[in-house]
Structures are given as structure tokens and as C-alpha cells.
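Novice: Below is a structure I'd like to ask you about.
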Amino acid sequence: MSIKGSMKVFQGFTLAEILITLVIIGVVAAITLPTLMQNYQKHVTVNRLKQTYSILEQAVKMSEIDNGYVSEWDYDINGEEFYSKYIKNYLKDVKSENLMIKSRNIQYNNAAGVLVNDMIFSDSYNVILSNGTLLSFGTGAEGYKPLGIDLNGTAAPNKVGRDWFLFLINKDGGLMPWGYGNYLYGLGKNPQRADILQNVNYGCSNSSSISRAGFYCALLIMYDGWKLAPEYPW
């Protein structure tokens, strides 16, 4: 078909038809774009969490070569001492250390409350990686050290299970997501998926009946093979 013939075909559309087509395209875009954006955010979240977990896991394993097995580490020292003694020399791509964070509010997944200077993170030692991920080494004792991972630093939404995830370094297995094992109301080493979702203390849920909703979300992501299942409380 010649260029002249193509122009004749185009000229066959009325202005109303063109406007209707544009409206349809706009409606479809308005419907699909939020879903596409959310899926992209989920993808980035899982990949960043997996990357950070891999970096930390490697640091723990390398530290064991010099400092003995995790079962022999001192978990009674504070977050700064623990980081300096066991993690600092083995952690890659550290941008800054001893980041002072005041009035840190982490919202529970059910929006029923906020984690404000929680006991386990009241004296946390904060380290930020070159990719912007914030690591908070908390207090802990009796064989474990809590570790908060904020994937986008101090930026919003600061919400458990969205950008903030909770792990432990403990003497029974090294780095693991909160809920795996037997520390702090852990579910043991063979957790049931239903318990990860519905545990009354820490379930990965947005239920108002769960006191600290979202604490088991890192465990759920790993349990599901580093994926966000359809029922994940995003």
C-alpha cells in the first residue's frame, strides 16, 4: 500500500473514534499500571532481601573461620561489640557505620502499633551498605543476636514485612529468619506454613489479633522459595 493510500485509511477514522480509543487505552493503563508497579516493588523487595541475606550469610561463615563456630560466640555483648568482633571484617560493601537514628518507628504489618525503641533494638548498632540497606544489630542474649534489615534505609514505609525484616544470628545455626529454630517463640526447624502465617505473636499477617504482625515474614518468604505468595500481606 502506498503512503497516500495509508493516509486515506487513517483519515477514515472520525475524531470521536480516536478519542474513544484513547480513553480505552487510558482506562486499561489506569487499571494495569498499579498492579505492574506493585509486582515490580515485590520483585525488588525479594531480590534485595535475598542479596542481603547472602552477603550476611557469607560474612558469618567467613567469621567462623577466624572466630570459631557460632555456638562459641559471645551473645551477651551489645550490638556494637558483636558487630565489631564477629561481622565487621567480613562484611562487603559497607558505606557507613554507627549511624545514629533517633525516634525510629517501625510499623507492624497490621497498623495496630509501632515498634518504637523496642527492647531488643534499644541500643542497636546501625550499619548501612552501599546499596542503601540498613542493618541494625540489637541487644539479644542467651545465645542469639537480633538483626533488623531495612531494605531502603530509613525511607518509608518502615513497615514490618514490606521494607523491614527480622533475622537472628544464634548459636544453634548462625543466620536465620526470625521464627526459625527455638529462640524467641520460634517454630522449630520444621515450621508449618500455617503457623508462620497465623502465629498469635509474630505471624506474617495483617490481622489485628496478632500482636507483632509481620515478624515472621522473612521466614515465610524463604519458606516459599524466595517468593511472595498470593496471600502474602503486602
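Residues in the C-alpha cells are numbered from 1 in each chain, the chains being A, B, ... in the order shown, and ligands are numbered from 1 in the order shown.
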Counting only C-alpha atoms, what is within 6 Å of Ala141 of chain A, bar same-chain residues fewer than 2 positions away, as a list in words?

Specialist: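 The contact residues come out as Tyr75, Asp76, Gly143 and Tyr144 of chain A.
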
Novice: With only C-alpha atoms as the counted atoms, please give the residues lying no more than 7 Å from Ser63 of chain A, apart from itself and same-chain residues fewer than 4 positions off, as a PDB file with C-alpha atoms, in the first residue's frame.

Specialist:
ATOM      1  CA  ALA A  59      30.114 -12.910  56.431  1.00  0.00           C
ATOM      2  CA  ASN A  67      36.355 -16.851  65.489  1.00  0.00           C
ATOM      3  CA  TYR A  86      32.262 -11.030  64.529  1.00  0.00           C
ATOM      4  CA  ILE A  87      30.891  -9.268  61.439  1.00  0.00           C
ATOM      5  CA  TYR A  90      33.813  -9.947  56.809  1.00  0.00           C
TER       6      TYR A  90
END

Novice: From a DSSP pass on the backbone, collect the residues of chain A flagged as strand (DSSP E or B) and hand them back as a count of residues only.

Specialist: 41

Novice: Which residues come within 10 Å of segment 171-183 of chain A, counting only C-alpha atoms, excluding same-chain residues fewer than 3 positions away, as a count of residues only?

Specialist: 47

Novice: Counting only C-alpha atoms, what is within 12 Å of segment 158-164 of chain A, bar same-chain residues fewer than 3 positions away, as a PDB file with N, CA and C atoms, in the first residue's frame?

Specialist:
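Generated output (out-v1.pdb):
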ATOM      1  N   GLN A  38       3.217  -2.575  41.640  1.00  0.00           N
ATOM      2  CA  GLN A  38       3.271  -3.364  42.858  1.00  0.00           C
ATOM      3  C   GLN A  38       4.075  -4.645  42.649  1.00  0.00           C
ATOM      4  N   GLN A  41       7.670  -3.751  42.676  1.00  0.00           N
ATOM      5  CA  GLN A  41       8.136  -3.499  44.039  1.00  0.00           C
ATOM      6  C   GLN A  41       8.356  -4.810  44.797  1.00  0.00           C
ATOM      7  N   LYS A  42       7.465  -5.758  44.603  1.00  0.00           N
ATOM      8  CA  LYS A  42       7.611  -7.065  45.256  1.00  0.00           C
ATOM      9  C   LYS A  42       8.868  -7.770  44.757  1.00  0.00           C
ATOM     10  N   HIS A  43       9.077  -7.692  43.460  1.00  0.00           N
ATOM     11  CA  HIS A  43      10.252  -8.327  42.857  1.00  0.00           C
ATOM     12  C   HIS A  43      11.540  -7.721  43.418  1.00  0.00           C
ATOM     13  N   VAL A  44      11.583  -6.399  43.483  1.00  0.00           N
ATOM     14  CA  VAL A  44      12.763  -5.710  44.012  1.00  0.00           C
ATOM     15  C   VAL A  44      12.977  -6.069  45.483  1.00  0.00           C
ATOM     16  N   THR A  45      11.902  -6.118  46.251  1.00  0.00           N
ATOM     17  CA  THR A  45      11.990  -6.433  47.682  1.00  0.00           C
ATOM     18  C   THR A  45      12.591  -7.805  47.900  1.00  0.00           C
ATOM     19  N   VAL A  46      12.073  -8.807  47.211  1.00  0.00           N
ATOM     20  CA  VAL A  46      12.563 -10.173  47.386  1.00  0.00           C
ATOM     21  C   VAL A  46      14.019 -10.287  46.952  1.00  0.00           C
ATOM     22  N   ASN A  47      14.360  -9.690  45.824  1.00  0.00           N
ATOM     23  CA  ASN A  47      15.737  -9.772  45.333  1.00  0.00           C
ATOM     24  C   ASN A  47      16.713  -9.076  46.274  1.00  0.00           C
ATOM     25  N   ARG A  48      16.321  -7.899  46.792  1.00  0.00           N
ATOM     26  CA  ARG A  48      17.202  -7.174  47.714  1.00  0.00           C
ATOM     27  C   ARG A  48      17.375  -7.954  49.024  1.00  0.00           C
ATOM     28  N   LEU A  49      16.282  -8.535  49.511  1.00  0.00           N
ATOM     29  CA  LEU A  49      16.363  -9.310  50.752  1.00  0.00           C
ATOM     30  C   LEU A  49      17.241 -10.542  50.551  1.00  0.00           C
ATOM     31  N   ARG A 104      13.151   5.989  65.952  1.00  0.00           N
ATOM     32  CA  ARG A 104      12.920   5.047  64.850  1.00  0.00           C
ATOM     33  C   ARG A 104      11.586   4.336  65.056  1.00  0.00           C
ATOM     34  N   ASN A 105      10.655   4.560  64.177  1.00  0.00           N
ATOM     35  CA  ASN A 105       9.339   3.941  64.268  1.00  0.00           C
ATOM     36  C   ASN A 105       9.168   2.922  63.150  1.00  0.00           C
ATOM     37  N   ILE A 106       9.026   1.672  63.529  1.00  0.00           N
ATOM     38  CA  ILE A 106       8.748   0.615  62.569  1.00  0.00           C
ATOM     39  C   ILE A 106       7.313   0.147  62.794  1.00  0.00           C
ATOM     40  N   GLN A 107       6.494   0.245  61.789  1.00  0.00           N
ATOM     41  CA  GLN A 107       5.079  -0.086  61.945  1.00  0.00           C
ATOM     42  C   GLN A 107       4.855  -1.579  61.766  1.00  0.00           C
ATOM     43  N   TYR A 108       4.037  -2.165  62.646  1.00  0.00           N
ATOM     44  CA  TYR A 108       3.646  -3.551  62.478  1.00  0.00           C
ATOM     45  C   TYR A 108       2.787  -3.694  61.226  1.00  0.00           C
ATOM     46  N   ASN A 109       2.720  -4.904  60.705  1.00  0.00           N
ATOM     47  CA  ASN A 109       2.000  -5.121  59.461  1.00  0.00           C
ATOM     48  C   ASN A 109       0.506  -4.829  59.585  1.00  0.00           C
ATOM     49  N   ASN A 110      -0.037  -4.962  60.794  1.00  0.00           N
ATOM     50  CA  ASN A 110      -1.472  -4.741  60.969  1.00  0.00           C
ATOM     51  C   ASN A 110      -1.813  -3.293  61.312  1.00  0.00           C
ATOM     52  N   ALA A 111      -0.821  -2.418  61.323  1.00  0.00           N
ATOM     53  CA  ALA A 111      -1.012  -0.991  61.601  1.00  0.00           C
ATOM     54  C   ALA A 111      -1.586  -0.734  62.991  1.00  0.00           C
ATOM     55  N   ALA A 112      -1.544  -1.742  63.860  1.00  0.00           N
ATOM     56  CA  ALA A 112      -2.114  -1.580  65.197  1.00  0.00           C
ATOM     57  C   ALA A 112      -1.147  -0.912  66.165  1.00  0.00           C
ATOM     58  N   GLY A 113       0.093  -0.813  65.807  1.00  0.00           N
ATOM     59  CA  GLY A 113       1.072  -0.205  66.707  1.00  0.00           C
ATOM     60  C   GLY A 113       2.403  -0.042  66.004  1.00  0.00           C
ATOM     61  N   VAL A 114       3.336   0.546  66.694  1.00  0.00           N
ATOM     62  CA  VAL A 114       4.659   0.726  66.109  1.00  0.00           C
ATOM     63  C   VAL A 114       5.721   0.210  67.071  1.00  0.00           C
ATOM     64  N   LEU A 115       6.788  -0.256  66.483  1.00  0.00           N
ATOM     65  CA  LEU A 115       7.930  -0.724  67.260  1.00  0.00           C
ATOM     66  C   LEU A 115       8.823   0.484  67.509  1.00  0.00           C
ATOM     67  N   VAL A 116       8.708   1.103  68.671  1.00  0.00           N
ATOM     68  CA  VAL A 116       9.454   2.313  68.984  1.00  0.00           C
ATOM     69  C   VAL A 116      10.502   1.990  70.046  1.00  0.00           C
ATOM     70  N   GLY A 132      22.270   0.882  50.109  1.00  0.00           N
ATOM     71  CA  GLY A 132      21.279   1.588  50.897  1.00  0.00           C
ATOM     72  C   GLY A 132      20.587   0.767  51.963  1.00  0.00           C
ATOM     73  N   THR A 133      20.873  -0.511  52.034  1.00  0.00           N
ATOM     74  CA  THR A 133      20.265  -1.375  53.043  1.00  0.00           C
ATOM     75  C   THR A 133      20.833  -1.071  54.423  1.00  0.00           C
ATOM     76  N   LEU A 134      19.949  -0.959  55.409  1.00  0.00           N
ATOM     77  CA  LEU A 134      20.345  -0.659  56.781  1.00  0.00           C
ATOM     78  C   LEU A 134      20.292  -1.923  57.627  1.00  0.00           C
ATOM     79  N   LEU A 135      21.369  -2.195  58.347  1.00  0.00           N
ATOM     80  CA  LEU A 135      21.444  -3.336  59.253  1.00  0.00           C
ATOM     81  C   LEU A 135      21.477  -2.828  60.687  1.00  0.00           C
ATOM     82  N   SER A 136      20.604  -3.360  61.539  1.00  0.00           N
ATOM     83  CA  SER A 136      20.560  -2.959  62.949  1.00  0.00           C
ATOM     84  C   SER A 136      20.854  -4.165  63.821  1.00  0.00           C
ATOM     85  N   LEU A 147      18.754  -9.131  64.470  1.00  0.00           N
ATOM     86  CA  LEU A 147      19.275  -8.345  63.362  1.00  0.00           C
ATOM     87  C   LEU A 147      18.103  -7.838  62.517  1.00  0.00           C
ATOM     88  N   GLY A 148      17.907  -6.533  62.509  1.00  0.00           N
ATOM     89  CA  GLY A 148      16.883  -5.926  61.675  1.00  0.00           C
ATOM     90  C   GLY A 148      17.477  -5.517  60.335  1.00  0.00           C
ATOM     91  N   ILE A 149      16.771  -5.809  59.251  1.00  0.00           N
ATOM     92  CA  ILE A 149      17.223  -5.451  57.909  1.00  0.00           C
ATOM     93  C   ILE A 149      16.188  -4.530  57.271  1.00  0.00           C
ATOM     94  N   ASP A 150      16.581  -3.290  57.024  1.00  0.00           N
ATOM     95  CA  ASP A 150      15.703  -2.319  56.372  1.00  0.00           C
ATOM     96  C   ASP A 150      16.226  -2.106  54.956  1.00  0.00           C
ATOM     97  N   LEU A 151      15.500  -2.580  53.985  1.00  0.00           N
ATOM     98  CA  LEU A 151      15.990  -2.639  52.615  1.00  0.00           C
ATOM     99  C   LEU A 151      16.211  -1.280  51.969  1.00  0.00           C
ATOM    100  N   ASN A 152      15.522  -0.246  52.440  1.00  0.00           N
ATOM    101  CA  ASN A 152      15.696   1.087  51.845  1.00  0.00           C
ATOM    102  C   ASN A 152      16.122   2.118  52.882  1.00  0.00           C
ATOM    103  N   GLY A 153      16.914   1.666  53.842  1.00  0.00           N
ATOM    104  CA  GLY A 153      17.417   2.580  54.855  1.00  0.00           C
ATOM    105  C   GLY A 153      16.298   3.091  55.744  1.00  0.00           C
ATOM    106  N   THR A 154      16.281   4.381  55.990  1.00  0.00           N
ATOM    107  CA  THR A 154      15.268   4.962  56.868  1.00  0.00           C
ATOM    108  C   THR A 154      14.046   5.474  56.107  1.00  0.00           C
ATOM    109  N   ALA A 155      14.008   5.268  54.801  1.00  0.00           N
ATOM    110  CA  ALA A 155      12.895   5.762  53.996  1.00  0.00           C
ATOM    111  C   ALA A 155      11.613   4.978  54.269  1.00  0.00           C
ATOM    112  N   PHE A 167      15.755 -10.894  61.484  1.00  0.00           N
ATOM    113  CA  PHE A 167      16.545 -12.120  61.487  1.00  0.00           C
ATOM    114  C   PHE A 167      17.210 -12.287  62.855  1.00  0.00           C
ATOM    115  N   PRO A 177      16.050 -16.519  59.644  1.00  0.00           N
ATOM    116  CA  PRO A 177      14.932 -15.594  59.818  1.00  0.00           C
ATOM    117  C   PRO A 177      14.265 -15.797  61.170  1.00  0.00           C
ATOM    118  N   TRP A 178      13.735 -14.726  61.722  1.00  0.00           N
ATOM    119  CA  TRP A 178      13.020 -14.794  62.993  1.00  0.00           C
ATOM    120  C   TRP A 178      11.885 -15.817  62.865  1.00  0.00           C
ATOM    121  N   LEU A 197       2.054 -18.047  59.157  1.00  0.00           N
ATOM    122  CA  LEU A 197       1.055 -17.049  58.798  1.00  0.00           C
ATOM    123  C   LEU A 197       0.210 -16.593  59.985  1.00  0.00           C
ATOM    124  N   TYR A 202       3.716 -13.376  66.228  1.00  0.00           N
ATOM    125  CA  TYR A 202       4.570 -12.832  65.178  1.00  0.00           C
ATOM    126  C   TYR A 202       4.151 -13.202  63.758  1.00  0.00           C
ATOM    127  N   GLY A 203       2.964 -13.763  63.556  1.00  0.00           N
ATOM    128  CA  GLY A 203       2.564 -14.259  62.250  1.00  0.00           C
ATOM    129  C   GLY A 203       2.708 -13.253  61.120  1.00  0.00           C
ATOM    130  N   CYS A 204       3.058 -13.760  59.942  1.00  0.00           N
ATOM    131  CA  CYS A 204       3.181 -12.900  58.763  1.00  0.00           C
ATOM    132  C   CYS A 204       1.778 -12.636  58.244  1.00  0.00           C
ATOM    133  N   SER A 205       1.143 -11.645  58.813  1.00  0.00           N
ATOM    134  CA  SER A 205      -0.256 -11.362  58.556  1.00  0.00           C
ATOM    135  C   SER A 205      -0.525  -9.888  58.832  1.00  0.00           C
ATOM    136  N   ASN A 206      -1.698  -9.433  58.411  1.00  0.00           N
ATOM    137  CA  ASN A 206      -2.128  -8.086  58.772  1.00  0.00           C
ATOM    138  C   ASN A 206      -3.302  -8.130  59.739  1.00  0.00           C
ATOM    139  N   ARG A 212       2.470  -8.688  67.106  1.00  0.00           N
ATOM    140  CA  ARG A 212       3.586  -8.132  66.335  1.00  0.00           C
ATOM    141  C   ARG A 212       3.534  -8.679  64.910  1.00  0.00           C
ATOM    142  N   ALA A 213       2.454  -8.351  64.259  1.00  0.00           N
ATOM    143  CA  ALA A 213       2.201  -8.892  62.924  1.00  0.00           C
ATOM    144  C   ALA A 213       3.333  -8.551  61.969  1.00  0.00           C
ATOM    145  N   GLY A 214       3.831  -9.567  61.287  1.00  0.00           N
ATOM    146  CA  GLY A 214       4.841  -9.358  60.265  1.00  0.00           C
ATOM    147  C   GLY A 214       6.228  -9.856  60.618  1.00  0.00           C
ATOM    148  N   PHE A 215       6.472 -10.176  61.890  1.00  0.00           N
ATOM    149  CA  PHE A 215       7.817 -10.590  62.277  1.00  0.00           C
ATOM    150  C   PHE A 215       8.270 -11.880  61.583  1.00  0.00           C
ATOM    151  N   TYR A 216       7.321 -12.730  61.197  1.00  0.00           N
ATOM    152  CA  TYR A 216       7.684 -13.987  60.541  1.00  0.00           C
ATOM    153  C   TYR A 216       7.711 -13.874  59.014  1.00  0.00           C
ATOM    154  N   CYS A 217       7.619 -12.661  58.482  1.00  0.00           N
ATOM    155  CA  CYS A 217       7.516 -12.513  57.031  1.00  0.00           C
ATOM    156  C   CYS A 217       8.791 -12.931  56.288  1.00  0.00           C
ATOM    157  N   ALA A 218       9.952 -12.674  56.855  1.00  0.00           N
ATOM    158  CA  ALA A 218      11.188 -13.131  56.211  1.00  0.00           C
ATOM    159  C   ALA A 218      11.204 -14.653  56.156  1.00  0.00           C
ATOM    160  N   LEU A 219      10.742 -15.287  57.230  1.00  0.00           N
ATOM    161  CA  LEU A 219      10.664 -16.743  57.273  1.00  0.00           C
ATOM    162  C   LEU A 219       9.718 -17.256  56.192  1.00  0.00           C
ATOM    163  N   LEU A 220       8.571 -16.593  56.013  1.00  0.00           N
ATOM    164  CA  LEU A 220       7.613 -17.023  55.001  1.00  0.00           C
ATOM    165  C   LEU A 220       8.195 -16.904  53.599  1.00  0.00           C
ATOM    166  N   ILE A 221       8.883 -15.804  53.323  1.00  0.00           N
ATOM    167  CA  ILE A 221       9.487 -15.604  52.000  1.00  0.00           C
ATOM    168  C   ILE A 221      10.494 -16.712  51.704  1.00  0.00           C
ATOM    169  N   LEU A 228       6.939 -14.179  46.932  1.00  0.00           N
ATOM    170  CA  LEU A 228       5.808 -13.642  47.663  1.00  0.00           C
ATOM    171  C   LEU A 228       4.553 -14.349  47.162  1.00  0.00           C
ATOM    172  N   TYR A 232       0.443 -13.303  50.639  1.00  0.00           N
ATOM    173  CA  TYR A 232       1.407 -12.516  51.398  1.00  0.00           C
ATOM    174  C   TYR A 232       0.807 -11.153  51.741  1.00  0.00           C
ATOM    175  N   PRO A 233       0.881 -10.710  52.997  1.00  0.00           N
ATOM    176  CA  PRO A 233       0.239  -9.461  53.419  1.00  0.00           C
ATOM    177  C   PRO A 233       1.008  -8.215  53.001  1.00  0.00           C
ATOM    178  N   TRP A 234       0.966  -7.899  51.723  1.00  0.00           N
ATOM    179  CA  TRP A 234       1.734  -6.777  51.176  1.00  0.00           C
ATOM    180  C   TRP A 234       1.105  -5.440  51.552  1.00  0.00           C
TER     181      TRP A 234
END
